[in-house]
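Asker: File query.cif below, mmCIF, C-alpha atoms and all ligand atoms:
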```
data_model
loop_
_atom_site.label_atom_id
_atom_site.label_comp_id
_atom_site.auth_asym_id
_atom_site.auth_seq_id
_atom_site.Cartn_x
_atom_site.Cartn_y
_atom_site.Cartn_z
CA MET A 1 15.37 -21.55 6.30
CA SER A 2 15.56 -18.98 3.55
CA ALA A 3 18.35 -16.43 3.67
CA LEU A 4 15.95 -13.84 2.29
CA MET A 5 14.38 -11.19 4.50
CA PRO A 6 10.75 -12.27 4.62
CA THR A 7 9.33 -9.03 3.18
CA TYR A 8 6.98 -10.83 0.75
CA ALA A 9 4.24 -13.41 1.27
CA ARG A 10 5.17 -15.51 -1.75
CA LEU A 11 2.96 -18.02 -3.52
CA PRO A 12 4.33 -21.58 -3.65
CA VAL A 13 5.41 -21.47 -7.29
CA THR A 14 8.67 -20.69 -9.11
CA PHE A 15 8.83 -19.99 -12.82
CA THR A 16 11.69 -20.96 -15.06
CA ARG A 17 10.54 -19.82 -18.47
CA GLY A 18 8.00 -17.67 -20.23
CA GLU A 19 6.54 -17.38 -23.69
CA GLY A 20 4.12 -14.61 -24.66
CA THR A 21 1.21 -14.63 -22.21
CA TYR A 22 2.27 -17.91 -20.56
CA LEU A 23 4.72 -18.83 -17.80
CA PHE A 24 6.09 -22.30 -17.03
CA ASP A 25 7.04 -23.48 -13.53
CA THR A 26 9.79 -25.79 -12.27
CA GLU A 27 7.48 -28.79 -12.90
CA GLY A 28 6.82 -27.69 -16.48
CA ARG A 29 3.23 -26.65 -15.68
CA ARG A 30 1.81 -23.83 -17.79
CA TYR A 31 0.09 -20.71 -16.38
CA LEU A 32 -1.86 -17.97 -18.15
CA ASP A 33 -0.31 -14.73 -16.90
CA GLY A 34 -3.04 -12.29 -15.84
CA ILE A 35 -0.63 -10.04 -13.92
CA ALA A 36 2.45 -9.51 -16.14
CA GLY A 37 4.79 -9.02 -13.19
CA ILE A 38 2.42 -6.29 -11.88
CA ALA A 39 1.94 -4.39 -15.15
CA VAL A 40 5.59 -4.76 -16.15
CA ASN A 41 5.71 -7.33 -18.97
CA GLY A 42 3.48 -5.50 -21.44
CA LEU A 43 5.10 -7.37 -24.33
CA GLY A 44 4.72 -10.65 -22.44
CA HIS A 45 7.63 -13.01 -21.90
CA ALA A 46 10.57 -13.59 -24.24
CA HIS A 47 9.19 -11.29 -26.94
CA PRO A 48 11.43 -11.74 -30.03
CA ALA A 49 12.01 -7.98 -30.36
CA ILE A 50 13.26 -7.78 -26.76
CA VAL A 51 15.36 -10.93 -27.11
CA ALA A 52 17.02 -9.43 -30.20
CA ALA A 53 17.57 -6.08 -28.47
CA ILE A 54 19.20 -7.78 -25.47
CA ARG A 55 21.58 -9.71 -27.75
CA GLN A 56 22.43 -6.62 -29.77
CA GLN A 57 23.07 -4.49 -26.69
CA ALA A 58 25.04 -7.22 -24.87
CA ASP A 59 27.47 -7.25 -27.78
CA ASN A 60 27.92 -3.50 -27.64
CA LEU A 61 27.40 -1.57 -24.44
CA VAL A 62 25.63 -2.03 -21.11
CA HIS A 63 26.66 0.83 -18.86
CA THR A 64 28.82 3.91 -19.09
CA SER A 65 27.79 6.76 -16.79
CA ASN A 66 25.85 10.00 -16.79
CA LEU A 67 29.30 11.62 -16.74
CA TYR A 68 29.15 11.10 -20.52
CA GLY A 69 26.72 11.49 -23.38
CA ILE A 70 24.30 8.56 -23.84
CA ALA A 71 22.73 8.46 -27.30
CA ALA A 72 19.98 5.98 -26.40
CA GLN A 73 18.98 8.11 -23.40
CA GLU A 74 18.61 11.17 -25.63
CA GLN A 75 16.55 9.16 -28.12
CA LEU A 76 14.33 7.67 -25.42
CA ALA A 77 13.69 11.09 -23.83
CA ALA A 78 12.70 12.43 -27.26
CA ARG A 79 10.38 9.46 -27.94
CA LEU A 80 8.75 9.77 -24.51
CA ALA A 81 8.28 13.51 -25.04
CA GLU A 82 6.62 12.74 -28.38
CA VAL A 83 4.15 10.17 -27.04
CA SER A 84 3.36 12.04 -23.78
CA GLY A 85 3.29 15.71 -24.84
CA MET A 86 5.92 16.51 -22.20
CA ASP A 87 9.19 18.37 -22.94
CA THR A 88 11.96 16.91 -20.77
CA CYS A 89 12.79 13.71 -18.92
CA PHE A 90 14.88 12.46 -15.97
CA PHE A 91 15.66 8.72 -15.73
CA GLY A 92 15.89 6.65 -12.56
CA ASN A 93 15.48 2.92 -12.01
CA SER A 94 12.01 2.37 -10.53
CA GLY A 95 8.60 3.85 -9.95
CA ALA A 96 9.46 5.07 -6.48
CA GLU A 97 12.54 6.83 -7.86
CA ALA A 98 10.50 8.46 -10.62
CA ASN A 99 8.16 9.80 -7.93
CA GLU A 100 11.06 10.91 -5.73
CA ALA A 101 12.27 12.98 -8.68
CA ALA A 102 8.78 14.50 -9.07
CA ILE A 103 8.56 15.29 -5.33
CA LYS A 104 11.99 16.95 -5.36
CA LEU A 105 11.05 18.86 -8.52
CA ALA A 106 7.83 20.14 -6.87
CA ARG A 107 9.71 21.23 -3.75
CA LEU A 108 12.34 23.07 -5.81
CA HIS A 109 9.57 24.71 -7.84
CA GLY A 110 8.09 25.86 -4.50
CA HIS A 111 11.37 27.20 -3.15
CA ASN A 112 11.94 29.05 -6.43
CA ARG A 113 8.61 30.79 -5.79
CA GLY A 114 9.56 31.69 -2.21
CA VAL A 115 7.61 28.93 -0.43
CA GLU A 116 9.83 27.79 2.43
CA LYS A 117 7.93 24.62 3.39
CA PRO A 118 6.38 23.44 0.14
CA ALA A 119 3.59 20.85 0.42
CA ILE A 120 2.06 18.45 -2.11
CA ILE A 121 -1.59 17.33 -2.17
CA VAL A 122 -1.90 13.52 -2.32
CA LEU A 123 -5.01 11.33 -2.23
CA GLU A 124 -6.55 8.79 0.11
CA GLY A 125 -5.92 5.29 -1.22
CA ALA A 126 -2.87 6.43 -3.20
CA PHE A 127 0.22 4.28 -3.70
CA HIS A 128 3.42 6.04 -4.73
CA GLY A 129 6.18 3.64 -3.59
CA ARG A 130 8.20 2.35 -0.63
CA THR A 131 10.98 4.91 -0.15
CA LEU A 132 10.53 7.27 2.80
CA ALA A 133 9.12 10.16 0.78
CA THR A 134 6.93 8.00 -1.44
CA LEU A 135 5.54 5.92 1.45
CA SER A 136 4.73 9.20 3.18
CA ALA A 137 2.84 10.24 0.04
CA THR A 138 1.05 6.87 -0.02
CA GLY A 139 -2.44 6.85 1.51
CA ASN A 140 -2.26 3.51 3.33
CA ARG A 141 -1.37 3.38 7.02
CA LYS A 142 -0.23 -0.26 6.76
CA ILE A 143 2.60 0.80 4.45
CA GLN A 144 3.64 3.64 6.77
CA ALA A 145 3.31 1.98 10.19
CA GLY A 146 6.65 1.41 11.89
CA PHE A 147 8.55 3.79 9.64
CA GLU A 148 7.73 7.05 11.33
CA PRO A 149 8.77 9.83 11.41
CA LEU A 150 7.21 10.25 7.97
CA VAL A 151 8.49 12.81 5.51
CA SER A 152 6.48 16.00 6.03
CA GLY A 153 5.01 18.18 3.32
CA PHE A 154 2.07 16.07 2.17
CA VAL A 155 -1.58 17.12 2.50
CA ARG A 156 -4.18 14.35 2.15
CA ALA A 157 -7.46 14.74 0.23
CA PRO A 158 -10.28 12.30 -0.63
CA ARG A 159 -10.37 11.18 -4.28
CA ASN A 160 -12.74 12.73 -6.83
CA ASP A 161 -13.62 15.56 -4.40
CA VAL A 162 -13.01 18.94 -6.09
CA GLU A 163 -14.40 20.86 -3.13
CA ALA A 164 -11.69 19.39 -0.87
CA ILE A 165 -9.02 20.70 -3.25
CA ARG A 166 -10.68 24.13 -3.32
CA GLN A 167 -10.68 24.18 0.50
CA ILE A 168 -6.98 23.37 0.60
CA ALA A 169 -6.28 26.09 -2.00
CA ALA A 170 -8.13 28.61 0.14
CA ASN A 171 -6.44 27.64 3.40
CA ASN A 172 -2.95 26.33 2.71
CA PRO A 173 -0.47 28.74 1.09
CA ASP A 174 2.32 26.14 1.33
CA VAL A 175 0.85 23.87 -1.34
CA VAL A 176 2.88 23.84 -4.57
CA ALA A 177 1.67 20.70 -6.35
CA PHE A 178 -0.97 17.98 -6.69
CA MET A 179 0.08 14.35 -7.23
CA ALA A 180 -2.19 11.40 -8.05
CA GLU A 181 -2.57 8.19 -10.05
CA PRO A 182 -5.22 8.62 -12.79
CA VAL A 183 -6.35 5.09 -11.90
CA GLN A 184 -5.31 4.05 -8.39
CA GLY A 185 -3.74 0.61 -8.72
CA GLU A 186 -2.69 -0.79 -5.34
CA GLY A 187 -5.58 1.15 -3.78
CA GLY A 188 -8.15 -1.08 -5.53
CA VAL A 189 -8.35 0.03 -9.19
CA HIS A 190 -10.22 3.29 -8.66
CA GLU A 191 -10.42 5.79 -11.52
CA LEU A 192 -10.28 9.54 -11.06
CA SER A 193 -13.00 11.09 -13.21
CA ALA A 194 -12.14 13.32 -16.16
CA ASP A 195 -14.33 16.06 -14.62
CA TYR A 196 -12.36 15.92 -11.39
CA LEU A 197 -8.97 15.98 -13.09
CA GLN A 198 -10.00 18.85 -15.38
CA ALA A 199 -11.16 20.84 -12.35
CA VAL A 200 -7.89 20.08 -10.55
CA ARG A 201 -6.02 21.25 -13.65
CA GLN A 202 -7.85 24.58 -13.47
CA ILE A 203 -7.11 25.02 -9.78
CA CYS A 204 -3.43 24.18 -10.40
CA ASP A 205 -3.33 26.89 -13.09
CA GLN A 206 -4.98 29.45 -10.82
CA GLN A 207 -2.66 28.63 -7.90
CA GLY A 208 0.58 28.11 -9.81
CA TRP A 209 0.71 24.50 -8.60
CA LEU A 210 2.26 21.69 -10.61
CA MET A 211 -0.20 18.98 -11.64
CA MET A 212 1.73 15.72 -11.35
CA LEU A 213 0.38 12.33 -12.41
CA ASP A 214 1.85 9.05 -11.20
CA GLU A 215 1.53 6.83 -14.28
CA VAL A 216 3.98 4.22 -13.02
CA GLN A 217 1.30 1.55 -13.42
CA THR A 218 -1.15 3.18 -15.88
CA GLY A 219 1.46 4.34 -18.41
CA ASN A 220 3.04 2.77 -21.49
CA GLY A 221 -0.18 1.58 -23.10
CA ARG A 222 -1.70 -0.21 -20.12
CA THR A 223 -4.98 1.75 -20.23
CA GLY A 224 -5.22 1.78 -24.04
CA ASP A 225 -3.44 5.12 -24.49
CA TRP A 226 0.25 5.86 -24.02
CA PHE A 227 -0.76 7.56 -20.78
CA ALA A 228 -4.12 7.48 -19.01
CA TYR A 229 -4.65 11.28 -19.08
CA GLN A 230 -4.66 11.30 -22.87
CA GLY A 231 -8.15 11.82 -24.21
CA MET A 232 -9.31 13.33 -20.89
CA GLY A 233 -9.13 16.92 -22.09
CA PHE A 234 -6.15 18.28 -20.15
CA VAL A 235 -2.37 17.93 -19.93
CA PRO A 236 -0.46 17.60 -16.63
CA ASP A 237 2.85 19.36 -15.87
CA VAL A 238 4.72 16.29 -14.60
CA VAL A 239 4.22 12.60 -15.41
CA THR A 240 6.07 9.73 -13.78
CA THR A 241 6.26 6.24 -15.22
CA ALA A 242 8.16 2.97 -14.83
CA LYS A 243 6.72 -0.57 -14.78
CA GLY A 244 5.76 -1.25 -18.41
CA LEU A 245 8.44 1.04 -19.83
CA GLY A 246 11.28 -1.48 -19.47
CA ASN A 247 9.30 -4.73 -19.86
CA GLY A 248 11.27 -6.10 -16.89
CA PHE A 249 14.46 -4.05 -17.05
CA PRO A 250 14.58 -1.48 -14.24
CA ILE A 251 13.79 2.01 -15.46
CA GLY A 252 11.75 4.91 -14.16
CA ALA A 253 11.13 8.26 -15.79
CA CYS A 254 10.00 11.66 -14.55
CA LEU A 255 8.66 13.71 -17.48
CA ALA A 256 7.95 17.42 -17.28
CA ARG A 257 6.49 20.16 -19.42
CA SER A 258 6.67 23.97 -19.81
CA ALA A 259 7.53 25.67 -16.49
CA ALA A 260 8.30 22.30 -14.87
CA ALA A 261 10.59 21.24 -17.72
CA ASP A 262 13.64 23.22 -16.59
CA VAL A 263 13.27 23.33 -12.81
CA PHE A 264 16.17 20.89 -12.31
CA GLY A 265 19.64 22.17 -13.14
CA PRO A 266 23.10 20.57 -12.86
CA GLY A 267 23.59 18.86 -9.49
CA HIS A 268 19.94 18.91 -8.44
CA HIS A 269 19.33 15.20 -8.97
CA GLY A 270 21.13 12.10 -10.18
CA SER A 271 21.34 8.31 -10.41
CA THR A 272 24.32 6.09 -11.16
CA TYR A 273 22.40 3.57 -13.28
CA GLY A 274 19.57 5.86 -14.35
CA GLY A 275 19.02 5.77 -18.11
CA ASN A 276 22.03 3.63 -18.96
CA PRO A 277 22.58 2.53 -22.58
CA PHE A 278 21.23 -0.98 -22.01
CA VAL A 279 17.93 -0.10 -20.35
CA CYS A 280 17.24 2.83 -22.68
CA ASN A 281 17.63 0.55 -25.68
CA MET A 282 15.16 -1.89 -24.07
CA ALA A 283 12.64 0.91 -23.48
CA LEU A 284 13.08 2.19 -27.06
CA THR A 285 12.33 -1.35 -28.25
CA VAL A 286 9.24 -1.49 -26.01
CA ILE A 287 7.85 1.77 -27.46
CA GLU A 288 8.63 0.70 -31.02
CA THR A 289 6.96 -2.69 -30.51
CA LEU A 290 3.86 -1.24 -28.80
CA GLU A 291 3.45 0.91 -31.92
CA LYS A 292 4.34 -1.72 -34.53
CA GLU A 293 1.96 -4.32 -33.08
CA ALA A 294 -0.84 -1.80 -32.37
CA LEU A 295 -0.88 -2.92 -28.73
CA LEU A 296 -2.59 0.20 -27.38
CA SER A 297 -5.73 -0.54 -29.38
CA ASN A 298 -5.37 -4.22 -28.44
CA ALA A 299 -5.38 -3.20 -24.76
CA LYS A 300 -8.65 -1.31 -25.33
CA ARG A 301 -10.30 -4.16 -27.21
CA MET A 302 -9.12 -6.99 -24.95
CA GLY A 303 -9.99 -4.98 -21.83
CA ALA A 304 -13.52 -4.45 -23.12
CA LEU A 305 -13.81 -8.13 -24.06
CA ILE A 306 -12.71 -9.33 -20.59
CA ARG A 307 -15.17 -6.95 -18.88
CA LYS A 308 -18.01 -8.10 -21.09
CA LEU A 309 -17.30 -11.82 -20.66
CA VAL A 310 -16.87 -11.63 -16.87
CA ALA A 311 -20.09 -9.58 -16.57
CA GLU A 312 -21.99 -12.07 -18.75
CA LYS A 313 -20.73 -15.16 -16.97
CA THR A 314 -21.45 -13.73 -13.50
CA ALA A 315 -24.86 -12.28 -14.42
CA GLY A 316 -26.62 -14.71 -12.07
CA THR A 317 -24.87 -13.45 -8.92
CA ASP A 318 -25.08 -10.20 -6.93
CA SER A 319 -21.67 -10.90 -5.43
CA LEU A 320 -19.75 -9.01 -8.12
CA VAL A 321 -20.35 -5.46 -6.89
CA GLU A 322 -18.46 -3.44 -9.49
CA ILE A 323 -16.12 -3.73 -12.46
CA ARG A 324 -13.59 -0.89 -12.60
CA GLY A 325 -10.55 0.17 -14.56
CA LYS A 326 -9.40 1.17 -18.00
CA GLY A 327 -7.92 -0.86 -20.87
CA LEU A 328 -6.04 -3.86 -19.48
CA MET A 329 -6.03 -2.56 -15.90
CA LEU A 330 -9.11 -4.15 -14.41
CA GLY A 331 -10.62 -4.58 -10.95
CA PHE A 332 -13.57 -6.79 -10.05
CA GLN A 333 -14.86 -5.88 -6.60
CA LEU A 334 -16.72 -8.62 -4.74
CA ASP A 335 -19.16 -8.22 -1.86
CA ARG A 336 -16.80 -10.21 0.36
CA ASP A 337 -13.12 -10.84 1.01
CA CYS A 338 -11.67 -13.62 -1.12
CA PRO A 339 -8.48 -14.78 0.67
CA GLY A 340 -8.31 -18.14 -1.14
CA LEU A 341 -8.98 -16.90 -4.66
CA VAL A 342 -5.39 -16.31 -5.76
CA THR A 343 -4.33 -19.84 -4.69
CA ASP A 344 -7.42 -21.39 -6.29
CA ALA A 345 -6.50 -19.55 -9.50
CA LEU A 346 -2.93 -20.81 -9.29
CA HIS A 347 -4.17 -24.41 -9.05
CA LYS A 348 -6.19 -23.78 -12.20
CA GLY A 349 -3.10 -22.45 -14.01
CA LEU A 350 -4.16 -18.82 -13.80
CA LEU A 351 -2.14 -15.91 -12.35
CA VAL A 352 -4.35 -13.19 -10.88
CA ASN A 353 -4.03 -10.79 -7.95
CA VAL A 354 -6.36 -9.56 -5.21
CA THR A 355 -6.03 -6.05 -3.83
CA CYS A 356 -7.79 -4.50 -0.82
CA GLY A 357 -8.98 -7.99 0.22
CA ASN A 358 -12.00 -8.07 -2.09
CA THR A 359 -10.96 -6.79 -5.52
CA VAL A 360 -9.67 -9.22 -8.14
CA ARG A 361 -7.11 -7.34 -10.22
CA LEU A 362 -6.01 -8.16 -13.74
CA LEU A 363 -2.99 -6.63 -15.50
CA PRO A 364 -2.28 -9.08 -18.33
CA PRO A 365 0.37 -8.54 -21.02
CA LEU A 366 -0.80 -6.12 -23.73
CA VAL A 367 0.01 -8.79 -26.33
CA ILE A 368 -2.83 -10.99 -25.01
CA SER A 369 -4.85 -12.57 -27.84
CA GLU A 370 -8.61 -12.86 -28.06
CA ALA A 371 -8.47 -16.58 -27.22
CA GLU A 372 -6.23 -15.92 -24.20
CA ALA A 373 -8.40 -13.01 -23.03
CA THR A 374 -11.43 -15.29 -23.27
CA GLU A 375 -9.64 -18.01 -21.27
CA LEU A 376 -8.66 -15.44 -18.62
CA ALA A 377 -12.17 -13.95 -18.38
CA GLU A 378 -13.85 -17.34 -18.11
CA GLY A 379 -11.36 -18.48 -15.48
CA VAL A 380 -11.88 -15.31 -13.42
CA ALA A 381 -15.67 -15.55 -13.70
CA ASP A 382 -15.56 -19.18 -12.49
CA LEU A 383 -13.35 -18.18 -9.57
CA ILE A 384 -15.72 -15.35 -8.61
CA LEU A 385 -18.72 -17.70 -8.76
CA SER A 386 -17.06 -20.48 -6.74
CA THR A 387 -15.66 -18.02 -4.16
CA CYS A 388 -19.05 -16.44 -3.65
CA ALA A 389 -20.68 -19.86 -3.31
CA THR A 390 -18.34 -20.76 -0.43
CA ALA A 391 -16.62 -17.77 1.25
CA PRO A 392 -18.63 -15.94 3.92
CA GLN A 393 -19.98 -12.54 3.02
CA THR A 394 -18.25 -9.67 4.78
CA SER A 395 -19.58 -6.18 5.24
CA ARG A 396 -17.21 -3.29 4.79
C1 LIG A 401 4.34 0.16 -8.48
C2 LIG A 401 4.02 1.59 -8.28
C3 LIG A 401 4.98 2.47 -7.72
C4 LIG A 401 6.32 2.00 -7.19
O1 LIG A 401 7.12 1.48 -8.20
P1 LIG A 401 8.46 0.66 -7.82
O2 LIG A 401 9.08 0.38 -9.15
O3 LIG A 401 8.00 -0.56 -7.09
O4 LIG A 401 9.27 1.54 -6.96
C5 LIG A 401 4.64 3.80 -7.63
N1 LIG A 401 3.44 4.26 -8.06
C6 LIG A 401 2.51 3.44 -8.59
C7 LIG A 401 1.22 4.01 -9.05
C8 LIG A 401 2.76 2.08 -8.70
O5 LIG A 401 1.82 1.27 -9.19
#
```
Please go through the file and, once you have read it, give me the structure as structure tokens.
Answerer:
Amino acid sequence: MSALMPTYARLPVTFTRGEGTYLFDTEGRRYLDGIAGIAVNGLGHAHPAIVAAIRQQADNLVHTSNLYGIAAQEQLAARLAEVSGMDTCFFGNSGAEANEAAIKLARLHGHNRGVEKPAIIVLEGAFHGRTLATLSATGNRKIQAGFEPLVSGFVRAPRNDVEAIRQIAANNPDVVAFMAEPVQGEGGVHELSADYLQAVRQICDQQGWLMMLDEVQTGNGRTGDWFAYQGMGFVPDVVTTAKGLGNGFPIGACLARSAAADVFGPGHHGSTYGGNPFVCNMALTVIETLEKEALLSNAKRMGALIRKLVAEKTAGTDSLVEIRGKGLMLGFQLDRDCPGLVTDALHKGLLVNVTCGNTVRLLPPLVISEAEATELAEGVADLILSTCATAPQTSR
């Protein structure tokens, strides 16, 4: 019996080594990585720049404390501000912690404006993490069940529904912020439209609310921009990110701009490990490498290629209902549940994920080459075709 708490349904495979877009298991079998540790390993596995940065940092400094100045943390905050258009940054160690910081920041912003019980609008289908506040913000009962009482102060709205936000603005004076993922990840790869987000931006301005985007999964080049809101014609007040920022080293960041930038003062928030010298040097290396290797434009091109190839190869079936996503964050929704697809893929040497029962999700490393993207797309198309030839159709 395993001594681990059985919180995960694990696949029967263990990896010992990785190289670029490939992983190798204990038997030496090779797998094409279509998931990148859930949007974490943007630079793939054992990237030479990261290997060199680890060596360099191991020889010098791993951890000191936020009791002291940390040069790499200052540099990383400045780089993140540059690429995001935000002004200031707080570092934690995960996506959930980045969102906790944003939630606390919104509440403090509310209290500063005289709102005693500040509330935050969150969306149906949202995923914001597994801590008590972030699971309360999450729009999935399965994640919340058994952990009540939930943290109060969240108001739920359907996605892409401006009228619902207007209604809340008219009726709920406690609201101080809006929080959403620009592309919902765990919720099935659903994009929020630019029109919707622009309208929400306007309402936030009118109401004095903070517009907060959870870019834990969409950030750091995943969607083909540094952050998914870029190019959508508006700028949020708060942006959280994590996953791809550390390429596997735990880091989360809460970025803020203008009025939100200086809400937190000394003593308002903290983290022992948050933004330590080691992890900040890794994240600086990630940003530098994304830039040097033009990986944002690669994400756009490879994402488009995978979409096109999967659409072409599945043209003969009606079972692929919709292709969604942005850059290298892709969802292929089938007309039926596909419980065996992930294991079938594994047997073919392909790592993919299924979310919401019927949506095949791809989050490959941003370093993926054209040949690898083609291999991934063809493998996924074959899996879709064979699943739909055998699995029963389900209505939902
Ligand atoms: C993964 C994820 C989180 C939680 O991140 P952790 O590092 O697991 O705490 C929060 N928000 C979004 C959008 C995510 O995809």
Asker: Taking only C-alpha atoms and all ligand atoms into account, list the residues no farther than 8 Å from ligand LIG 401 (chain A), as a tab-separated table (two decimals) with C-alpha atoms, in the frame of the given file.
Answerer:
```
chain	number	residue	atom	x	y	z
A	38	ILE	CA	2.42	-6.29	-11.88
A	93	ASN	CA	15.48	2.92	-12.01
A	94	SER	CA	12.01	2.37	-10.53
A	95	GLY	CA	8.60	3.85	-9.95
A	96	ALA	CA	9.46	5.07	-6.48
A	97	GLU	CA	12.54	6.83	-7.86
A	98	ALA	CA	10.50	8.46	-10.62
A	99	ASN	CA	8.16	9.80	-7.93
A	126	ALA	CA	-2.87	6.43	-3.20
A	127	PHE	CA	0.22	4.28	-3.70
A	128	HIS	CA	3.42	6.04	-4.73
A	129	GLY	CA	6.18	3.64	-3.59
A	130	ARG	CA	8.20	2.35	-0.63
A	131	THR	CA	10.98	4.91	-0.15
A	134	THR	CA	6.93	8.00	-1.44
A	181	GLU	CA	-2.57	8.19	-10.05
A	184	GLN	CA	-5.31	4.05	-8.39
A	185	GLY	CA	-3.74	0.61	-8.72
A	186	GLU	CA	-2.69	-0.79	-5.34
A	214	ASP	CA	1.85	9.05	-11.20
A	215	GLU	CA	1.53	6.83	-14.28
A	216	VAL	CA	3.98	4.22	-13.02
A	217	GLN	CA	1.30	1.55	-13.42
A	218	THR	CA	-1.15	3.18	-15.88
A	241	THR	CA	6.26	6.24	-15.22
A	242	ALA	CA	8.16	2.97	-14.83
A	243	LYS	CA	6.72	-0.57	-14.78
A	250	PRO	CA	14.58	-1.48	-14.24
A	252	GLY	CA	11.75	4.91	-14.16
```
Asker: If you count all atoms listed in the file, which residues fall within 6 Å of A:Val175, apart from same-chain ones fewer than 5 positions away, as a PyMOL selection string?
Answerer: chain A and resi 118-120
Asker: Would you put the residues from that selection into a file with C-alpha atoms, as a PDB file, keeping the file's coordinate frame?
Answerer:
```pdb
ATOM      1  CA  PRO A 118       6.380  23.440   0.140  1.00  0.00           C
ATOM      2  CA  ALA A 119       3.590  20.850   0.420  1.00  0.00           C
ATOM      3  CA  ILE A 120       2.060  18.450  -2.110  1.00  0.00           C
TER       4      ILE A 120
END
```
Asker: Choose the residue, out of A:Met211, A:Ile165, A:Leu197, A:Val286, that has the smallest atom-to-atom separation from A:Ala49; count all atoms listed in the file.
Answerer: A:Val286
Asker: Using only C-alpha atoms, which protein or nucleic acid residues come within 12 Å of A:Pro173? Drop anything in the same chain fewer than 2 positions from it, and give the result as a PDB file with C-alpha atoms, in the frame of the given file.
Answerer:
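This went into part_14.pdb:
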```pdb
ATOM      1  CA  GLY A 110       8.090  25.860  -4.500  1.00  0.00           C
ATOM      2  CA  ARG A 113       8.610  30.790  -5.790  1.00  0.00           C
ATOM      3  CA  GLY A 114       9.560  31.690  -2.210  1.00  0.00           C
ATOM      4  CA  VAL A 115       7.610  28.930  -0.430  1.00  0.00           C
ATOM      5  CA  GLU A 116       9.830  27.790   2.430  1.00  0.00           C
ATOM      6  CA  LYS A 117       7.930  24.620   3.390  1.00  0.00           C
ATOM      7  CA  PRO A 118       6.380  23.440   0.140  1.00  0.00           C
ATOM      8  CA  ALA A 119       3.590  20.850   0.420  1.00  0.00           C
ATOM      9  CA  ILE A 120       2.060  18.450  -2.110  1.00  0.00           C
ATOM     10  CA  ILE A 121      -1.590  17.330  -2.170  1.00  0.00           C
ATOM     11  CA  VAL A 155      -1.580  17.120   2.500  1.00  0.00           C
ATOM     12  CA  GLN A 167     -10.680  24.180   0.500  1.00  0.00           C
ATOM     13  CA  ILE A 168      -6.980  23.370   0.600  1.00  0.00           C
ATOM     14  CA  ALA A 169      -6.280  26.090  -2.000  1.00  0.00           C
ATOM     15  CA  ALA A 170      -8.130  28.610   0.140  1.00  0.00           C
ATOM     16  CA  ASN A 171      -6.440  27.640   3.400  1.00  0.00           C
ATOM     17  CA  VAL A 175       0.850  23.870  -1.340  1.00  0.00           C
ATOM     18  CA  VAL A 176       2.880  23.840  -4.570  1.00  0.00           C
ATOM     19  CA  ALA A 177       1.670  20.700  -6.350  1.00  0.00           C
ATOM     20  CA  GLN A 207      -2.660  28.630  -7.900  1.00  0.00           C
ATOM     21  CA  GLY A 208       0.580  28.110  -9.810  1.00  0.00           C
ATOM     22  CA  TRP A 209       0.710  24.500  -8.600  1.00  0.00           C
TER      23      TRP A 209
END
```
Asker: I need the residue nearest A:Val263 from this list: A:Arg29, A:His111, A:Pro48, A:Gln57. Use only C-alpha atoms for the distance.
Answerer: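 So, comparing all the options, the nearest one is A:His111.
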Asker: Between atom CA of A:Cys388 and atom CA of A:Arg324, what is the distance, to one decimal in Å?
Answerer: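 Interatomic distance, atom CA of A:Cys388 to atom CA of A:Arg324: 18.8 Å.
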Asker: Can you tell me how far atom CA of A:Ala371 sits from atom CA of A:Glu19, in Å to one decimal?
Answerer: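 Computing it gives 15.4 Å between the two atoms.
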Asker: What's the separation between atom CA of A:Thr138 and atom CA of A:Thr359, in Å to one decimal place?
Answerer: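 These atoms are spaced 19.0 Å apart.
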Asker: Please provide as a list in words all residues within 12 Å of A:Pro266, with the sequence filter that same-chain residues fewer than 2 positions apart are discarded (counting all atoms listed in the file).
Answerer: Asn66, Leu67, Phe90, Asp262, Val263, Phe264, His268, His269 and Gly270 of chain A
Asker: Could you give me, as JSON, numbers by chain, the residues within 12 Å of A:Gln75, counting all atoms listed in the file and dropping anything in the same chain fewer than 5 positions from it?
Answerer: {"A": [69, 70, 80, 81, 82, 88, 89, 275, 277, 280, 281, 282, 283, 284, 285, 287, 288]}
Asker: Would you mind listing what lies within 6 Å of stretch 307-317 of chain A as a list in words, with only C-alpha atoms counted and same-chain residues fewer than 3 positions away left out?
Answerer: Ala304, Ala377 and Ala381 of chain A
Asker: My list of candidates is A:Ala53, A:Met179, A:Asn160, A:Val239. Which is closest to A:Phe227 when distances are computed with only C-alpha atoms?
Answerer: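 The answer is A:Val239, which sits nearest to A:Phe227.
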Asker: Step by step, gather every atom of stretch 329-334 of chain A that the file lists, find the box along x, y and z that holds them, add 5 Å on each side, and finally give centre and edge lengths in Å to one decimal, as lines of an AutoDock Vina configuration file.
Answerer:
```
center_x = -11.4
center_y = -5.6
center_z = -10.3
size_x = 20.7
size_y = 16.1
size_z = 21.2
```
